[in-house]
Structures are given as C-alpha cells and as structure tokens.
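Quick look at input11.cif (mmCIF, C-alpha atoms and all ligand atoms):
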data_work
loop_
_atom_site.label_atom_id
_atom_site.label_comp_id
_atom_site.auth_asym_id
_atom_site.auth_seq_id
_atom_site.Cartn_x
_atom_site.Cartn_y
_atom_site.Cartn_z
CA MET A 29 75.55 99.02 84.00
CA THR A 30 76.15 101.37 81.10
CA SER A 31 76.80 105.07 81.27
CA THR A 32 73.54 105.69 79.36
CA SER A 33 71.65 105.10 82.62
CA PHE A 34 73.19 108.27 84.01
CA ALA A 35 70.90 111.31 84.01
CA ASN A 36 72.06 114.88 83.73
CA PHE A 37 73.10 116.14 87.14
CA GLN A 38 71.80 119.38 88.55
CA ASN A 39 72.74 120.92 91.86
CA SER A 40 70.11 120.73 94.60
CA ALA A 41 67.15 123.04 94.11
CA SER A 42 67.75 124.56 97.57
CA GLY A 43 71.04 125.97 96.27
CA ALA A 44 72.87 124.32 99.17
CA LYS A 45 76.63 124.39 98.93
CA GLY A 46 78.48 121.12 98.75
CA ILE A 47 81.34 119.89 100.90
CA ILE A 48 83.25 120.96 97.77
CA HIS A 49 82.12 124.22 96.20
CA LEU A 50 84.04 125.47 93.16
CA GLU A 51 83.32 128.73 91.39
CA SER A 52 85.03 129.54 88.09
CA ILE A 53 88.26 127.77 89.02
CA THR A 54 91.14 128.40 86.60
CA LYS A 55 94.69 127.08 86.60
CA SER A 56 97.57 128.24 84.42
CA TYR A 57 101.09 126.98 84.12
CA TYR A 58 103.87 129.11 82.72
CA MET A 59 106.36 127.60 80.31
CA GLY A 60 108.83 130.48 80.21
CA LYS A 61 106.62 133.43 79.26
CA GLN A 62 104.06 131.24 77.55
CA GLU A 63 100.88 130.79 79.61
CA LEU A 64 99.24 127.37 79.41
CA LEU A 65 95.62 127.58 80.60
CA VAL A 66 94.82 124.08 81.88
CA LEU A 67 91.55 124.65 83.80
CA LYS A 68 89.30 127.17 82.07
CA GLY A 69 86.58 127.92 84.63
CA ILE A 70 85.29 124.95 86.59
CA SER A 71 82.15 125.47 88.71
CA LEU A 72 80.91 122.51 90.67
CA ASP A 73 79.37 121.30 93.93
CA ILE A 74 80.06 117.88 95.41
CA PHE A 75 77.84 116.96 98.36
CA LYS A 76 78.54 114.94 101.49
CA ASN A 77 78.54 111.19 100.89
CA GLU A 78 78.60 111.54 97.08
CA TYR A 79 80.63 109.07 95.03
CA VAL A 80 82.03 110.87 92.00
CA ALA A 81 84.16 109.66 89.10
CA LEU A 82 86.15 112.26 87.20
CA MET A 83 86.85 111.18 83.62
CA GLY A 84 88.32 112.69 80.48
CA PRO A 85 91.09 112.23 77.94
CA SER A 86 94.73 112.38 78.94
CA GLY A 87 95.78 116.00 79.37
CA SER A 88 92.22 117.28 79.98
CA GLY A 89 93.13 118.55 83.46
CA LYS A 90 91.91 115.73 85.75
CA SER A 91 95.04 115.54 87.91
CA THR A 92 95.34 119.32 88.00
CA LEU A 93 91.77 119.55 89.30
CA MET A 94 92.30 116.71 91.80
CA ASN A 95 95.43 118.38 93.15
CA ILE A 96 93.44 121.57 93.71
CA LEU A 97 90.56 119.63 95.34
CA GLY A 98 93.15 117.90 97.56
CA CYS A 99 94.80 121.21 98.57
CA LEU A 100 98.09 120.00 97.07
CA ASP A 101 97.97 123.01 94.75
CA SER A 102 96.15 126.37 94.61
CA PRO A 103 94.03 127.62 91.71
CA THR A 104 95.16 130.61 89.63
CA GLY A 105 91.67 132.13 89.81
CA GLY A 106 88.20 131.42 91.17
CA THR A 107 86.94 130.27 94.55
CA TYR A 108 87.22 126.92 96.32
CA ILE A 109 85.19 126.46 99.49
CA LEU A 110 86.02 123.19 101.25
CA ASN A 111 83.71 122.28 104.13
CA GLY A 112 82.68 125.93 104.53
CA GLN A 113 86.26 127.27 104.48
CA ASP A 114 87.70 129.33 101.60
CA VAL A 115 90.94 127.55 100.71
CA SER A 116 91.54 129.22 97.32
CA LYS A 117 94.02 131.83 98.53
CA MET A 118 95.29 130.15 101.66
CA PRO A 119 99.05 130.24 102.42
CA ASP A 120 100.83 126.89 101.95
CA ASN A 121 101.23 126.25 105.70
CA ASP A 122 97.52 126.63 106.41
CA LEU A 123 96.71 124.59 103.31
CA ALA A 124 98.89 121.75 104.58
CA GLU A 125 96.97 121.79 107.86
CA VAL A 126 93.59 121.65 106.07
CA ARG A 127 94.91 118.84 103.88
CA ASN A 128 96.07 116.83 106.86
CA LYS A 129 92.75 117.24 108.65
CA GLU A 130 90.20 117.02 105.84
CA ILE A 131 91.66 114.96 103.01
CA GLY A 132 92.81 111.42 102.36
CA PHE A 133 94.66 111.10 99.04
CA VAL A 134 95.29 107.84 97.15
CA PHE A 135 97.66 107.86 94.15
CA GLN A 136 98.17 105.54 91.19
CA GLN A 137 101.79 104.90 92.26
CA PHE A 138 100.81 104.21 95.93
CA ASN A 139 103.52 106.67 97.14
CA LEU A 140 104.47 104.59 100.19
CA MET A 141 107.71 105.12 102.12
CA PRO A 142 109.89 102.13 101.10
CA ARG A 143 111.80 101.85 104.39
CA LEU A 144 108.70 101.89 106.59
CA THR A 145 106.48 98.90 107.33
CA ALA A 146 102.79 98.92 106.36
CA VAL A 147 101.68 99.97 109.84
CA GLU A 148 104.35 102.71 109.99
CA ASN A 149 103.25 104.02 106.59
CA VAL A 150 99.63 104.14 107.73
CA ALA A 151 100.58 105.86 110.99
CA LEU A 152 102.63 108.58 109.27
CA PRO A 153 99.86 111.22 108.91
CA LEU A 154 99.27 110.89 112.66
CA VAL A 155 102.87 111.95 113.35
CA TYR A 156 102.07 115.30 111.70
CA ALA A 157 98.81 115.44 113.65
CA GLY A 158 100.78 115.10 116.92
CA VAL A 159 99.28 111.79 118.08
CA SER A 160 101.33 109.73 120.60
CA LYS A 161 103.23 106.73 119.25
CA LYS A 162 101.18 104.14 121.14
CA LEU A 163 97.90 105.60 119.89
CA ARG A 164 99.29 105.97 116.36
CA ILE A 165 100.05 102.27 116.11
CA GLU A 166 96.68 101.36 117.61
CA MET A 167 94.80 103.59 115.14
CA ALA A 168 96.89 102.39 112.19
CA MET A 169 96.24 98.74 113.10
CA ASN A 170 92.51 99.48 113.26
CA VAL A 171 92.38 100.82 109.70
CA LEU A 172 94.66 98.06 108.41
CA GLU A 173 92.05 95.65 109.72
CA LYS A 174 89.37 97.47 107.70
CA VAL A 175 91.36 96.79 104.50
CA SER A 176 92.05 93.16 105.59
CA LEU A 177 95.80 93.63 105.99
CA THR A 178 96.35 92.88 109.66
CA ASP A 179 98.58 89.92 108.78
CA ARG A 180 100.83 92.09 106.57
CA SER A 181 101.20 95.02 108.97
CA HIS A 182 104.94 94.50 109.58
CA HIS A 183 105.93 94.00 105.95
CA LYS A 184 107.63 96.70 103.88
CA PRO A 185 106.17 97.79 100.50
CA ASN A 186 108.65 95.65 98.49
CA GLU A 187 107.31 92.57 100.32
CA LEU A 188 103.72 93.36 99.31
CA SER A 189 101.76 92.94 96.05
CA GLY A 190 100.47 95.97 94.14
CA GLY A 191 96.96 95.43 95.49
CA GLN A 192 98.27 95.13 99.04
CA CYS A 193 100.31 98.31 98.61
CA GLN A 194 97.21 100.16 97.43
CA ARG A 195 95.28 98.86 100.44
CA VAL A 196 98.04 100.23 102.70
CA ALA A 197 97.75 103.57 100.86
CA ILE A 198 93.96 103.56 101.34
CA ALA A 199 94.40 102.80 105.05
CA ARG A 200 96.87 105.72 105.27
CA ALA A 201 94.28 107.97 103.57
CA LEU A 202 91.62 106.91 106.11
CA VAL A 203 93.63 107.02 109.32
CA ASN A 204 92.92 110.71 110.06
CA ASN A 205 89.21 110.19 109.52
CA PRO A 206 89.10 112.80 106.72
CA SER A 207 85.88 114.31 105.34
CA LEU A 208 86.97 113.64 101.76
CA ILE A 209 88.73 110.74 100.02
CA LEU A 210 90.39 111.60 96.70
CA ALA A 211 91.95 108.97 94.46
CA ASP A 212 93.81 109.69 91.19
CA GLU A 213 93.72 106.57 88.96
CA PRO A 214 93.87 104.25 92.03
CA THR A 215 93.57 101.11 89.88
CA GLY A 216 95.84 102.35 87.07
CA ASN A 217 98.69 100.01 88.09
CA LEU A 218 96.55 97.00 89.03
CA ASP A 219 95.17 93.98 87.18
CA SER A 220 91.41 93.77 86.73
CA LYS A 221 90.74 91.29 89.57
CA THR A 222 92.72 93.42 92.04
CA SER A 223 91.00 96.56 90.69
CA VAL A 224 87.62 95.08 91.64
CA GLU A 225 88.89 94.40 95.19
CA ILE A 226 90.12 97.98 95.48
CA MET A 227 86.83 99.38 94.11
CA ASP A 228 84.91 97.28 96.65
CA ILE A 229 86.93 98.96 99.39
CA PHE A 230 86.09 102.44 98.01
CA GLY A 231 82.43 101.35 97.86
CA ALA A 232 82.54 100.36 101.54
CA ILE A 233 84.22 103.66 102.45
CA GLN A 234 81.46 105.60 100.68
CA ALA A 235 78.72 103.42 102.19
CA ALA A 236 80.16 104.18 105.63
CA GLY A 237 79.36 107.88 105.03
CA ASN A 238 82.50 109.24 103.38
CA THR A 239 82.64 111.41 100.28
CA VAL A 240 84.71 109.84 97.48
CA VAL A 241 86.06 111.44 94.31
CA LEU A 242 88.17 109.33 91.97
CA VAL A 243 89.84 109.86 88.63
CA THR A 244 89.75 107.03 86.13
CA HIS A 245 89.81 106.60 82.38
CA GLU A 246 88.11 103.20 82.58
CA GLU A 247 84.31 103.15 82.13
CA ASP A 248 84.02 99.94 84.23
CA ILE A 249 85.69 101.64 87.15
CA ALA A 250 83.69 104.88 86.72
CA ASN A 251 80.45 102.91 86.86
CA TYR A 252 81.12 102.08 90.51
CA ALA A 253 80.50 105.79 91.19
CA HIS A 254 77.07 107.43 91.37
CA ARG A 255 77.97 110.50 89.40
CA ILE A 256 80.32 110.92 86.44
CA ILE A 257 81.89 114.27 85.59
CA ARG A 258 83.70 114.41 82.25
CA LEU A 259 86.39 116.98 81.58
CA ARG A 260 87.55 117.97 78.13
CA ASP A 261 90.25 120.51 77.48
CA GLY A 262 89.92 122.11 80.90
CA VAL A 263 86.13 122.48 81.03
CA ILE A 264 83.30 120.25 82.27
CA GLU A 265 81.85 118.50 79.23
CA SER A 266 79.13 116.61 81.10
CA ASP A 267 77.98 115.91 84.65
CA LYS A 268 75.61 112.99 85.09
CA ARG A 269 74.35 110.91 87.96
CA ARG A 270 72.52 107.62 87.97
CA PRO A 271 69.53 106.72 90.12
CA PRO A 272 70.37 104.49 93.09
CA THR A 273 70.08 100.73 92.53
CA PRO A 274 67.49 98.87 94.67
CA VAL A 275 70.29 97.64 96.95
CA GLU A 276 71.63 101.17 97.40
CA GLN A 277 68.11 102.42 98.08
CA LEU A 278 67.74 99.85 100.88
CA ALA A 279 70.96 101.14 102.40
CA VAL A 280 69.52 104.67 102.70
CA VAL A 281 67.82 105.13 106.09
P1 LIG B 301 95.20 114.59 83.07
O1 LIG B 301 95.39 114.19 84.50
O2 LIG B 301 93.78 114.79 82.68
O3 LIG B 301 95.92 113.67 82.13
P2 LIG B 301 96.81 116.90 83.81
O4 LIG B 301 95.98 117.65 84.78
O5 LIG B 301 97.92 116.07 84.37
O6 LIG B 301 95.87 116.02 82.86
O7 LIG B 301 97.46 117.91 82.78
C1 LIG B 301 96.70 118.84 82.03
C2 LIG B 301 97.63 119.70 81.21
O8 LIG B 301 98.44 120.49 82.05
C3 LIG B 301 98.59 118.91 80.32
O9 LIG B 301 98.71 119.59 79.10
C4 LIG B 301 99.88 118.94 81.10
O10 LIG B 301 100.98 118.86 80.24
C5 LIG B 301 99.82 120.28 81.79
N1 LIG B 301 100.53 120.29 83.08
C6 LIG B 301 100.23 119.54 84.17
N2 LIG B 301 101.04 119.83 85.20
C7 LIG B 301 101.90 120.78 84.74
C8 LIG B 301 103.00 121.49 85.33
N3 LIG B 301 103.37 121.30 86.60
N4 LIG B 301 103.65 122.39 84.55
C9 LIG B 301 103.26 122.62 83.28
N5 LIG B 301 102.22 122.00 82.67
C10 LIG B 301 101.56 121.09 83.39
MG MG B 302 96.35 112.55 85.43
#

Translate this structure into structure tokens?
Amino acid sequence: MTSTSFANFQNSASGAKGIIHLESITKSYYMGKQELLVLKGISLDIFKNEYVALMGPSGSGKSTLMNILGCLDSPTGGTYILNGQDVSKMPDNDLAEVRNKEIGFVFQQFNLMPRLTAVENVALPLVYAGVSKKLRIEMAMNVLEKVSLTDRSHHKPNELSGGQCQRVAIARALVNNPSLILADEPTGNLDSKTSVEIMDIFGAIQAAGNTVVLVTHEEDIANYAHRIIRLRDGVIESDKRRPPTPVEQLAVV
C-alpha cells in the first residue's frame, strides 16, 4: 500500500477525547542560556485501539514527543491528558507510577538488562508493581509465549539474536497489561525480514485491543499503521488515516 491511500484525519465529530489528548504541547531545552524550542505546539487526540505511526526527518522532535507521551519526560507547556488524567504537571514520582501502570515502551536499542535472563527481564516491571516472585515468573512466561520465545526464556540477551531481544523487550512492555504501547524506531536495528516479524507482533497486539504508537522513518514500516502523523521542525505537518482493508473490516465486530 502507498501513503497516497491515506485520507486527511479529523478528530471525531462528537469531540470525544482520546486516550491521549494533547493541547498545545511545547518542549524547550536549554543549552546554557540559549533556549532550543523543540516542540512548538502539538495538539492531538489518539483514540483507544488506534495504530499510529509517527514520522518525520531526524531532529523533528519524534523522540521528544514519544518521551512525553510515555511519561518519561514532562512538557514545558500545554496539557497532556492520558486516560482522563492530567499528567502534564505531575511530580516525577507520580509520573513513574502512571508510566508503570499505563505504558509499555519499546526502544530501538532494546534496553534489556544484560545480566538477567529473558524471563527475568520481562518480569522486571512486575517487581516495581509489587507482584510476588512466583506470579511474576508465571506472568512473564505467559507473555513470552505470546511472542514465541518460551524456548529462549532462560537465555541472557547476549545469547539471543536482535529480533529475539526485541521480542523480549515487547514482552516486557506487555507484561503489565498497559493501556498504551509506545515504540521508538523498534525495527531500527533489525534486518528487513526480522522487521516484518516484529511488525506482525505489533499488529497482533493492536488487533487484540491495544493502542499502539510507533516512531519510524521507513514508509514500509509506517504503512502497517492505520494513521500516519508527520512532524516537521516541531509541528505536525500532516495527519492522515487510511480506510480499513477488507480483512481489517471483517475483524471489527
Ligand atoms: P527525532 O527523534 O525526530 O530525531 P529528537 O526529538 O530526538 O528528534 O530531537 C529533536 C531536537 O531536540 C534535536 O535538535 C535534538 O538535538 C534536540 N534535543 C533532543 N533531546 C535533547 C536534550 N536532552 N537536550 C538538548 N537538546 C535535545
Ligand atoms: Mg529519535
């Protein structure tokens, strides 16, 4: 499919707020006294079960926006309502709690703990959530099965391929049953065959009812999503969604 089949996206006529609701979000960094305005007023709704690709040239602010969406960072100005809760001015401690409960994050570099096995890596968010060890391992094994890695559960990251590491990272993102899955260039370190396998997993996650937002600079990867938002120089340049394919339409009940 080509990006020309994407139509301009407009928020729902009812004015309903999305699971993500952004109003005039700005973000500045200070280099000494020099202010660098990276996000210049982003307003946006992302609805439950949407599958969104965030694109744009290097330096356009994609990772900065993702980090704000993922509650890893706070905006300088504007409002961010996540699942009905204003998180824009939340203290770091509370933000960490929201992040742990609501968000699964997948990074380009996998970010696994090298000394822990796959199942221990996946179980890690459950330690912070206060789940007992026995239950942690059980839950982690369940999600490892979803990403077809049961047979690698006791291997450490350096004994796994890049694609397997990313599957462990996806399992870790899913283990808390978050309302939102965010992925920043999740296929950036993978070959094209492995990228397709990883994108199939994100497709299955979205089809199971999750909301997925991913950053990519590859059109092929973005076309797995249903909506493409393009950033340029800290503003939204375009926001387009494509009609569902016949197969996707069948899946809607
Ligand atoms: P992208 O992910 O689209 O490549 P980023 O969001 O990483 O872009 O960066 C956008 C701009 O913000 C770049 O000019 C980058 O140099 C700058 N930037 C990002 N993070 C920081 C930071 N922590 N301190 C200062 N400048 C930053
Ligand atoms: Mg980036």

**Å distance separating atom CA of Gly89 of chain A from atom CA of Pro119 of chain A, one decimal place** =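 Result for atom CA of Gly89 of chain A versus atom CA of Pro119 of chain A: 23.0 Å, one decimal.
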
**Request:** Could you give me, as a ChimeraX atom specification, every polymer residue with an atom at most 9 Å away from an atom of ligand MG 302 (chain B), counting only C-alpha atoms and all ligand atoms?
**Result:** /A:86-92,94,212-213,243-244

**Request:** Tell me which protein, DNA and RNA residues are within 7 Å of segment 199-210 of chain A, counting all atoms listed in the file, leaving out same-chain ones fewer than 6 positions away, and put them as an MDAnalysis selection string.
**Result:** chainID A and resid 98 129:134 149:151 154 167:168 171:172 175 238:242

**Prompt:** Which distance in Å separates atom CA of Ala197 of chain A and atom CA of Lys221 of chain A, to one decimal?
**Reply:** 18.1 Å

**Pick from A:Thr104, A:Ser52, A:Asn186, A:Ser223 nearest to Arg143 of chain A, counting all atoms listed in the file** =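 Smallest distance to Arg143 of chain A is found for A:Asn186.
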
Close residues, Ala253 of chain A itself excluded, 6 Å, only C-alpha atoms, min 2 positions apart in chain, as a compact mmCIF listing (two decimals) with C-alpha atoms, keeping the file's coordinate frame:
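Listing of selection.txt after writing:
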# COMPACT_ATOMS: atom_id res chain seq x y z
CA TYR A 79 80.63 109.07 95.03
CA VAL A 80 82.03 110.87 92.00
CA ALA A 81 84.16 109.66 89.10
CA ALA A 250 83.69 104.88 86.72
CA ASN A 251 80.45 102.91 86.86
CA ARG A 255 77.97 110.50 89.40

**Asked** Counting all atoms listed in the file, which of A:Pro272, A:Gly105, A:Pro214, A:Gly84 gets nearest to ligand LIG 301 (chain B)?
**Response** A:Gly84

**Item:** Separation of atom CA of Tyr108 of chain A from atom O2 of ligand LIG 301 (chain B) in Å
**Value:**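 Separating atom O2 of ligand LIG 301 (chain B) from atom CA of Tyr108 of chain A is a distance of 19.4 Å.
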
**Fill in**
Counting all atoms listed in the file, closest pick from A:Glu187, A:Glu78, A:Asp228, A:Asp261 relative to ligand LIG 301 (chain B) is A:Asp261

Kindly provide, as a PDB file with C-alpha atoms, keeping the file's coordinate frame, the polymer residues lying within 10 Å of (79.8, 126.3, 84.7), counting all atoms listed in the file and using the coordinates exactly as they appear in the file.
ATOM      1  CA  LEU A  50      84.040 125.470  93.160  1.00  0.00           C
ATOM      2  CA  GLU A  51      83.320 128.730  91.390  1.00  0.00           C
ATOM      3  CA  SER A  52      85.030 129.540  88.090  1.00  0.00           C
ATOM      4  CA  ILE A  53      88.260 127.770  89.020  1.00  0.00           C
ATOM      5  CA  LYS A  68      89.300 127.170  82.070  1.00  0.00           C
ATOM      6  CA  GLY A  69      86.580 127.920  84.630  1.00  0.00           C
ATOM      7  CA  ILE A  70      85.290 124.950  86.590  1.00  0.00           C
ATOM      8  CA  SER A  71      82.150 125.470  88.710  1.00  0.00           C
ATOM      9  CA  LEU A  72      80.910 122.510  90.670  1.00  0.00           C
ATOM     10  CA  VAL A 263      86.130 122.480  81.030  1.00  0.00           C
ATOM     11  CA  ILE A 264      83.300 120.250  82.270  1.00  0.00           C
ATOM     12  CA  GLU A 265      81.850 118.500  79.230  1.00  0.00           C
TER      13      GLU A 265
END

**Prompt:** So which one's closest to Arg260 of chain A, A:Ile226, A:Ala235, A:Leu82, A:Ile96? Using only C-alpha atoms, please.
**Reply:**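 Of all the options, A:Leu82 lies closest to Arg260 of chain A.
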